[in-house]
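Here the structure is laid out as structure tokens; the discussion comes afterwards.
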2 protein chains.
Amino acid sequence: MGDKPSNPKGTNKTEIIMTIASKRGFFYPSAEIYGAKAGFWTYGHLGTRLKQSWESLWRNYFLGLSKSYFEIDDCNIMPKKVFEGSGHLAHFNDPLTECEKCHFRFRADQLIEDATHTNVGGVSAEDMTKILDDNKLLCPRCASKLLPVKWFNMMFEMKVGATGEDIMYLRPESAQSPYLAFKREFEALRKKIPFGLAVIGKAYRNEISPRQGFFRLREFTQAELQIFFDPDKINEAENWDFVKAYKLRLCLAKDAKEGKINEITCEEANKELKIPKLCAYNMAKVQQFYLSKMGIPEEKFRFRELDEKERAFYNKLHFDIELNMDTLGGFKEVAGVHYRTNHDLGGHQEHSKEKLEVVIGDKRFIPHVLELSFGVDRDVWALMDVFFKEETERTLFAFPAGIAPVTVAVYPLVNKDNIPEYSTEIYERLGKEFRVFFDDSASIGRRYRRQDEIGTPYGITIDYDSLNDNTVTLRDRDSMKQVRVKVDDLIQTLKKVIAGELAFEKAGTPVVAKAPEKEEKEKAYKPHLPLNKHEK
Amino acid sequence: MGDKPSNPKGTNKTEIIMTIASKRGFFYPSAEIYGAKAGFWTYGHLGTRLKQSWESLWRNYFLGLSKSYFEIDDCNIMPKKVFEGSGHLAHFNDPLTECEKCHFRFRADQLIEDATHTNVGGVSAEDMTKILDDNKLLCPRCASKLLPVKWFNMMFEMKVGATGEDIMYLRPESAQSPYLAFKREFEALRKKIPFGLAVIGKAYRNEISPRQGFFRLREFTQAELQIFFDPDKINEAENWDFVKAYKLRLCLAKDAKEGKINEITCEEANKELKIPKLCAYNMAKVQQFYLSKMGIPEEKFRFRELDEKERAFYNKLHFDIELNMDTLGGFKEVAGVHYRTNHDLGGHQEHSKEKLEVVIGDKRFIPHVLELSFGVDRDVWALMDVFFKEETERTLFAFPAGIAPVTVAVYPLVNKDNIPEYSTEIYERLGKEFRVFFDDSASIGRRYRRQDEIGTPYGITIDYDSLNDNTVTLRDRDSMKQVRVKVDDLIQTLKKVIAGELAFEKAGTPVVAKAPEKEEKEKAYKPHLPLNKHEK
């Protein structure tokens with residue numbers, strides 16, 4: 001639909017990753033055999049595991065931050081009234097312009113940004129129409145004139161009930177669920193503040209023209225933690241001492257143009273930038289999640305502050321978390337930290353007539369909300385981008401072992417003489433502790449390459465010697481080194497290597513290759529896909 | 001909407017469970033503060049964990065059945081063409097009748113079944129109209145005449161794209177996803193048959209009048225495994241020897257009226273009832289899942305065979321898995337085993353023009369499908385029903401430890417003198433291995449009762465002695481017995497007790513109650529809910 005590629009610099013890497021993703025089963029267009037609609041993707045068997053790894057990392061980390069953080073799981077379809085209360089019916093709009101001749105529709109802000117490299121977040125429809133005119137921007141499809149910019153509501157609407165008596169909507173953000181459940185959970189969790197409600201779930205937006213690729217989706221997954229707190233205590237954080245010297249990587253609104261990153265301790269952020277302690281503390285935790293848990297290199301991470309014009313009017317503070325991705329030509333948003341004040345609970349209290357204020361001690365107030373919000377699919381894409389490596393002999397994803405779709409591949413050297421049976425036994429034993437994959441076809445070199453290509457950190461080869469001495473060859477993806485390990489020690493050894501308690505070289509007897517290791521090149525990214533009928 | 005309660009016999013138990021569920025945070029009506037729409041529910045912080053436990057039990061068990069079973073994760077919104085190919089646009093209908101006076105609409109089959117106790121699955125609209133007339137059935141709301149029965153499509157429809165150019169639907173069953181992904185995954189997984197694709201995900205049905213409660217939902221979660229196989233090998237099952245003497249609990253179509261259950265070995269089922277080995281094998285595995293993994297008492301489990309009239313025309317074999325639930329007045333469907341032939345892939349091949357046939361050796365064919373399909377929410381409800389116990393002093397859910405929302409509760413006896421700090425340390429240590437909950441308010445007796453009420457199998461009390469000798473009191477939910485255990489042994493001890501390797505009484509030094517144990521009664525099911533505005 002007239003979109004320019006969103007990654008002019010990274011085209012080649014994007015294409016390689018996309019080809020591997022669809023060929024190997026990370027993800028591919030949804031309902032592809034019918035010609036998929038843009039913005040809808042299926043996670044294949046590897047992508048599903050990668051997504052689940054990320055989700056479980058997120059869940060363990062963020063729910064682990066406090067005894068009073070819990071997860072809920074809600075419906076995607078919600079009544080119309082919810083979005084009157086949340087403001088989405090009135091305000092959740094994209095700027096739309098239509099070609100006066102071919103009647104194709106485009107996102108006005110995207111056309112302007114592509115042409116002028118100016119961010120027009122927060123600019124009015126009238127002003128955008130003026131920018132289109134001033135810059136003589138025409139229909140990218142037929143070069144005719146574009147009509148004035150109008151707002152287009154991005155929610156999916158449907159009729160529910162036999163008489164179609166109710167209009168309902170797919171939630172455009174999972175965050176509404178904790179707000180709606182707030183009263184129930186506050187009471188079930190014994191009326192204490194602060195407490196947090198997390199959701200990992202789907203959200204849906206009828207994007208006017210989702211850019212090609214995996215980054216702007218119409219159906220996507222969010223992971224969000226909504227922290228409800230007393231606004232008088234916003235400058236308190238229980239474990240402040242642990243983070244006060246931690247350096248946040250901030251790109252402040254005033255430095256946004258140059259993209260300058262300042263390393264500022266939480267203490268300085270609090271004292272000099274007036275970022276409240278509760279916010280700064282959670283920003284530190286978010287940054288630690290990306291750097292320590294996901295293994296993102298520090299220089300690829302930043303918080304970008306949105307100024308008043310860019311952020312939603314109810315957000316008092318808004319930092320995007322951005323990762324620098326080659327495939328997207330720079331820093332792109334994957335998550336956000338938003339101080340939403342009492343906008344949400346206040347709106348729902350007003351529209352539902354249900355009291356959402358709380359009484360703590362002798363104080364009555366509507367709790368304020370700090371939101372930590374993550375785009376799960378974007379984070380999955382970031383993993384693919386950041387950990388992808390191209391070497392002379394192979395491509396690989398250098399995923400951390402805790403994230404990789406497969407932790408250990410099991411290879412019977414040959415398919416006879418009891419080797420498959422013994423290999424199956426090992427596969428089943430390892431399967432209780434790790435994500436395992438059994439690969440028994442093609443030469444061992446090709447099998448190594450195939451597992452490198454999908455980012456499997458370790459492989460185990462069972463050969464004739466294994467039957468005699470109960471040892472197997474353990475191979476390391478990154479160094480391609482091999483050691484010989486006793487089958488009975490395998491689980492413990494792998495656990496230690498994964499935990500970083502044991503260097504791979506010391507995990508067993510080094511294997512000296514009898515001949516130079518000839519691992520055949522798997523022609524991974526030659527595009528030879530029969531399908532891939534995603535809408536252009 | 002004129003529905004009679006679906007559980008006349010179990011009203012009281014249903015009410016108690018529902019009250020606990022909504023008060024304690026298992027589940028409650030979705031968007032309740034706005035007056036929820038029937039058939040939409042939110043899982044609260046306990047229900048989310050219970051559902052996740054069930055899902056992970058299911059995932060580990062069913063994906064563990066074969067090296068070639070994998071999970072995928074797909075969009076809920078799908079193009080119209082998908083449902084032309086699947087037949088849902090033409091056939092996924094409920095019989096609807098409307099009152100000629102008040103214009104309320106009802107499901108004709110439910111009216112007939114309530115009045116005549118006859119199952120009218122597979123009966124035509126004309127014949128249902130005739131039954132309504134013959135039995136002089138009138139509008140349950142205003143007693144006027146009912147109009148002729150018409151078919152009503154149950155899918156939720158929406159417009160996608162800025163011009164609303166595409167009609168798309170929410171998938172009415174998650175099973176379509178594996179069929180659509182079949183070609184990609186077959187190729188990614190190296191063109192082997194049989195292989196299986198699982199999905200745990202949402203599905204949506206615009207039910208005309210969802211019965212009250214948690215059992216017939218408009219938005220629900222399914223867990224499904226689609227096994228693709230060569231129809232010539234339907235009478236082969238790799239591990240047949242392990243199940244051939246295993247007794248299936250079958251209620252055959254011919255015995256359906258009396259509900260007679262026959263215990264028949266897989267071997268007999270295969271030889272005498274002509275149930276192919278692949279089906280019988282998987283039925284055995286499903287039954288073992290319910291009995292051994294979920295802990296459902298044998299007598300509450302059965303397979304009910306659907307006859308030709310009841311089952312979908314493309315299903316060659318169709319067994320419902322039914323559990324006997326007090327709250328629903330008898331055996332109700334929670335899952336199914338369906339032999340869907342090549343109906344699905346065949347339909348999609350025809351409509352998409354994409355070849356979905358495979359070539360194995362020198363044979364070209366469209367794989368057949370055996371479907372194992374589970375209603376996740378129904379299974380969650382079954383857990384609540386089956387494990388609920390009412391005793392003089394308390395109510396409890398006797399959930400197996402692996403399923404309970406909380407495995408271990410941690411109770412500081414008092415909130416001073418370093419006891420909270422030491423308790424937090426223990427809480428954090430245990431949190432790495434178990435689902436933990438920290439409860440520091442109200443008397444210890446009340447806290448015990450509260451955890452019993454939500455089914456927490458173990459509790460740990462930290463008291464003044466703990467500070468001196470590093471021991472804590474470990475309490476068992478079911479027996480209410482208590483033993484004293486060293487903090488350093490706690491994790492190992494609990495693991496052994498949970499695994500059944502160590503009797504609770506032998507887990508530590510018995511605690512002799514100084515005074516008769518006075519555990520206060522938590523008035524769990526006194527209905528005093530401020531909310532609960534679910535549509536009647």
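Chain labels follow the order of the structure tokens: the first chain is A, the next B, and so on; residue numbering restarts at 1 in every chain, and ligands are counted from 1 in their shown order.
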
message = Set the distance at 6 Å and use only C-alpha atoms: which residues neighbour Glu305 in chain A once local chain neighbours fewer than 5 positions away are removed? I'd like the list as a list in words.
response = Leu252, Ala253 and Phe319 of chain A

Counting only C-alpha atoms, which residues of chain B fall within 7 Å of chain A, and what is the closest atom pair for each with its distance in Å at one decimal, ordered by chain and rising number, as a Markdown table?
```
| residue | atom | partner | partner_atom | distance |
| --- | --- | --- | --- | --- |
| B:Lys23 | CA | A:Ala188 | CA | 6.0 |
| B:Arg24 | CA | A:Ala188 | CA | 4.9 |
| B:Gly25 | CA | A:Ala188 | CA | 5.9 |
| B:Ser30 | CA | A:Cys75 | CA | 6.7 |
| B:Ala31 | CA | A:Leu180 | CA | 5.6 |
| B:Ile33 | CA | A:Ser352 | CA | 6.0 |
| B:Tyr34 | CA | A:Ser352 | CA | 5.3 |
| B:Phe40 | CA | A:Cys75 | CA | 6.5 |
| B:Trp41 | CA | A:Cys75 | CA | 6.6 |
| B:Thr42 | CA | A:Asp74 | CA | 4.4 |
| B:Tyr43 | CA | A:Asp73 | CA | 5.0 |
| B:Gly44 | CA | A:Ile72 | CA | 4.9 |
| B:His45 | CA | A:Ile72 | CA | 5.0 |
| B:Thr48 | CA | A:Ile72 | CA | 5.5 |
| B:Lys67 | CA | A:Phe438 | CA | 6.8 |
| B:Phe70 | CA | A:His45 | CA | 5.7 |
| B:Glu71 | CA | A:His45 | CA | 5.3 |
| B:Ile72 | CA | A:Gly44 | CA | 4.9 |
| B:Asp73 | CA | A:Tyr43 | CA | 5.0 |
| B:Asp74 | CA | A:Thr42 | CA | 4.4 |
| B:Cys75 | CA | A:Thr42 | CA | 6.3 |
| B:Met78 | CA | A:Ala31 | CA | 6.9 |
| B:Lys81 | CA | A:Tyr34 | CA | 6.8 |
| B:Arg105 | CA | A:Ala162 | CA | 6.6 |
| B:Phe156 | CA | A:Met158 | CA | 6.5 |
| B:Glu157 | CA | A:Met158 | CA | 6.2 |
| B:Met158 | CA | A:Met158 | CA | 5.7 |
| B:Val160 | CA | A:Asn206 | CA | 6.2 |
| B:Gly161 | CA | A:Ile208 | CA | 5.8 |
| B:Ala162 | CA | A:Ile208 | CA | 4.9 |
| B:Leu180 | CA | A:Ala31 | CA | 5.6 |
| B:Glu185 | CA | A:Gly25 | CA | 6.4 |
| B:Ala188 | CA | A:Arg24 | CA | 4.9 |
| B:Asn206 | CA | A:Gly161 | CA | 6.2 |
| B:Glu207 | CA | A:Gly161 | CA | 6.9 |
| B:Ile208 | CA | A:Ala162 | CA | 4.9 |
| B:Glu219 | CA | A:Cys75 | CA | 6.7 |
| B:Ser352 | CA | A:Tyr34 | CA | 5.3 |
| B:Glu354 | CA | A:Ile33 | CA | 6.2 |
| B:Phe438 | CA | A:Lys67 | CA | 6.8 |
```

query = Hey, what does DSSP flag as helix (DSSP H, G or I) within range 90-196 of chain A? Can you give it to me as a PyMOL selection string?
reply = chain A and resi 90-91+108-116+125-134+176-188

inquiry  = Can you pull out the residues contacting Arg311 in chain A? Cut-off 9 Å, using only C-alpha atoms, and skip same-chain residues under 5 positions away; I want them as a list in words.
reply    =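 Selected residues are Gly121, Gly122, Leu306, Lys316, Leu317 and His318 of chain A.
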
message = Under the rule that only C-alpha atoms are counted, which of B:Thr221, B:Ser479, B:Thr265, B:Ser443 is the nearest residue to Arg378 in chain B?
response = B:Thr221

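Between CA of Val359 in chain B and CA of Ile234 in chain B there is a distance of 17.2 Å.
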
message = Taking the DSSP secondary structure from the backbone, can you list the residues of range 56-233 of chain A that are strand (DSSP E), as an MDAnalysis selection string?
response = chainID A and resid 69:71 77:79 93:98 105:107 150:153 157:160 166:170 195:204 219:229

Residue selection dump (C-alpha atoms) as a PDB file, in the first residue's frame:
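Below you can see selection.pdb, which holds the result:
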```pdb
ATOM      1  CA  TYR A  69       2.499  -8.303  42.166  1.00  0.00           C
ATOM      2  CA  PHE A  70       0.115 -10.799  40.563  1.00  0.00           C
ATOM      3  CA  GLU A  71      -1.009 -11.814  37.117  1.00  0.00           C
ATOM      4  CA  ILE A  77     -13.675  -8.727  23.769  1.00  0.00           C
ATOM      5  CA  MET A  78     -14.984  -5.918  25.962  1.00  0.00           C
ATOM      6  CA  PRO A  79     -18.188  -3.884  26.160  1.00  0.00           C
ATOM      7  CA  ASN A  93      -7.458   7.410  16.335  1.00  0.00           C
ATOM      8  CA  ASP A  94      -4.897   7.451  13.576  1.00  0.00           C
ATOM      9  CA  PRO A  95      -4.675  10.291  11.068  1.00  0.00           C
ATOM     10  CA  LEU A  96      -6.043   9.101   7.755  1.00  0.00           C
ATOM     11  CA  THR A  97      -5.723  10.650   4.332  1.00  0.00           C
ATOM     12  CA  GLU A  98      -7.325   9.389   1.153  1.00  0.00           C
ATOM     13  CA  ARG A 105      -6.021   5.390   2.224  1.00  0.00           C
ATOM     14  CA  PHE A 106      -2.785   6.154   4.007  1.00  0.00           C
ATOM     15  CA  ARG A 107      -1.574   7.145   7.427  1.00  0.00           C
ATOM     16  CA  LYS A 150      -9.343  12.745   9.240  1.00  0.00           C
ATOM     17  CA  TRP A 151      -9.170  10.693  12.409  1.00  0.00           C
ATOM     18  CA  PHE A 152      -9.865   6.965  12.098  1.00  0.00           C
ATOM     19  CA  ASN A 153     -10.709   4.850  15.155  1.00  0.00           C
ATOM     20  CA  GLU A 157     -15.881  -3.543  16.473  1.00  0.00           C
ATOM     21  CA  MET A 158     -18.294  -6.467  16.560  1.00  0.00           C
ATOM     22  CA  LYS A 159     -21.849  -7.361  17.380  1.00  0.00           C
ATOM     23  CA  VAL A 160     -22.555  -9.758  20.220  1.00  0.00           C
ATOM     24  CA  ASP A 166     -24.468  -5.217  21.925  1.00  0.00           C
ATOM     25  CA  ILE A 167     -21.565  -3.499  20.266  1.00  0.00           C
ATOM     26  CA  MET A 168     -18.306  -4.779  21.720  1.00  0.00           C
ATOM     27  CA  TYR A 169     -14.657  -4.201  20.848  1.00  0.00           C
ATOM     28  CA  LEU A 170     -11.400  -6.106  20.889  1.00  0.00           C
ATOM     29  CA  PHE A 195       0.112  -3.594  44.511  1.00  0.00           C
ATOM     30  CA  GLY A 196       0.568  -4.647  40.926  1.00  0.00           C
ATOM     31  CA  LEU A 197      -1.452  -6.500  38.315  1.00  0.00           C
ATOM     32  CA  ALA A 198       0.248  -7.989  35.289  1.00  0.00           C
ATOM     33  CA  VAL A 199      -1.232  -9.267  32.047  1.00  0.00           C
ATOM     34  CA  ILE A 200       0.372 -11.146  29.207  1.00  0.00           C
ATOM     35  CA  GLY A 201      -2.187 -11.199  26.453  1.00  0.00           C
ATOM     36  CA  LYS A 202      -3.415 -10.143  23.058  1.00  0.00           C
ATOM     37  CA  ALA A 203      -4.375  -6.671  21.933  1.00  0.00           C
ATOM     38  CA  TYR A 204      -5.728  -5.557  18.563  1.00  0.00           C
ATOM     39  CA  GLU A 219      -2.990  -8.545  16.377  1.00  0.00           C
ATOM     40  CA  PHE A 220      -0.162  -8.596  18.888  1.00  0.00           C
ATOM     41  CA  THR A 221       0.812  -9.658  22.390  1.00  0.00           C
ATOM     42  CA  GLN A 222       1.557  -7.303  25.253  1.00  0.00           C
ATOM     43  CA  ALA A 223       3.129  -7.938  28.620  1.00  0.00           C
ATOM     44  CA  GLU A 224       2.209  -5.253  31.091  1.00  0.00           C
ATOM     45  CA  LEU A 225       2.550  -4.543  34.765  1.00  0.00           C
ATOM     46  CA  GLN A 226       0.257  -1.917  36.234  1.00  0.00           C
ATOM     47  CA  ILE A 227       1.461  -0.699  39.614  1.00  0.00           C
ATOM     48  CA  PHE A 228      -1.259   0.971  41.695  1.00  0.00           C
ATOM     49  CA  PHE A 229       0.106   3.374  44.291  1.00  0.00           C
TER      50      PHE A 229
END
```

inquiry  = Just to confirm, what's the straight-line distance from CA of Asp362 in chain B to CA of His343 in chain B in Å (one decimal)?
reply    =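 CA of His343 in chain B lies at a distance of 22.6 Å from CA of Asp362 in chain B.
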
task = Find the residues around range 392-397 of chain A up to 6 Å (only C-alpha atoms counted), leave out those fewer than 5 positions away in its own chain, and share them as a VMD selection string.
result = chain A and resid 387 452 to 453 455 521

Residues just named, written with C-alpha atoms as an mmCIF file, in the first residue's frame:
```cif
data_model
loop_
_atom_site.group_PDB
_atom_site.id
_atom_site.type_symbol
_atom_site.label_atom_id
_atom_site.label_comp_id
_atom_site.auth_asym_id
_atom_site.auth_seq_id
_atom_site.Cartn_x
_atom_site.Cartn_y
_atom_site.Cartn_z
ATOM 1 C CA PHE A 387 21.575 -12.218 18.280
ATOM 2 C CA ASP A 452 23.240 -23.242 14.691
ATOM 3 C CA GLU A 453 20.859 -21.580 12.287
ATOM 4 C CA GLY A 455 20.251 -20.803 17.745
ATOM 5 C CA LYS A 521 27.151 -25.157 4.819
#
```
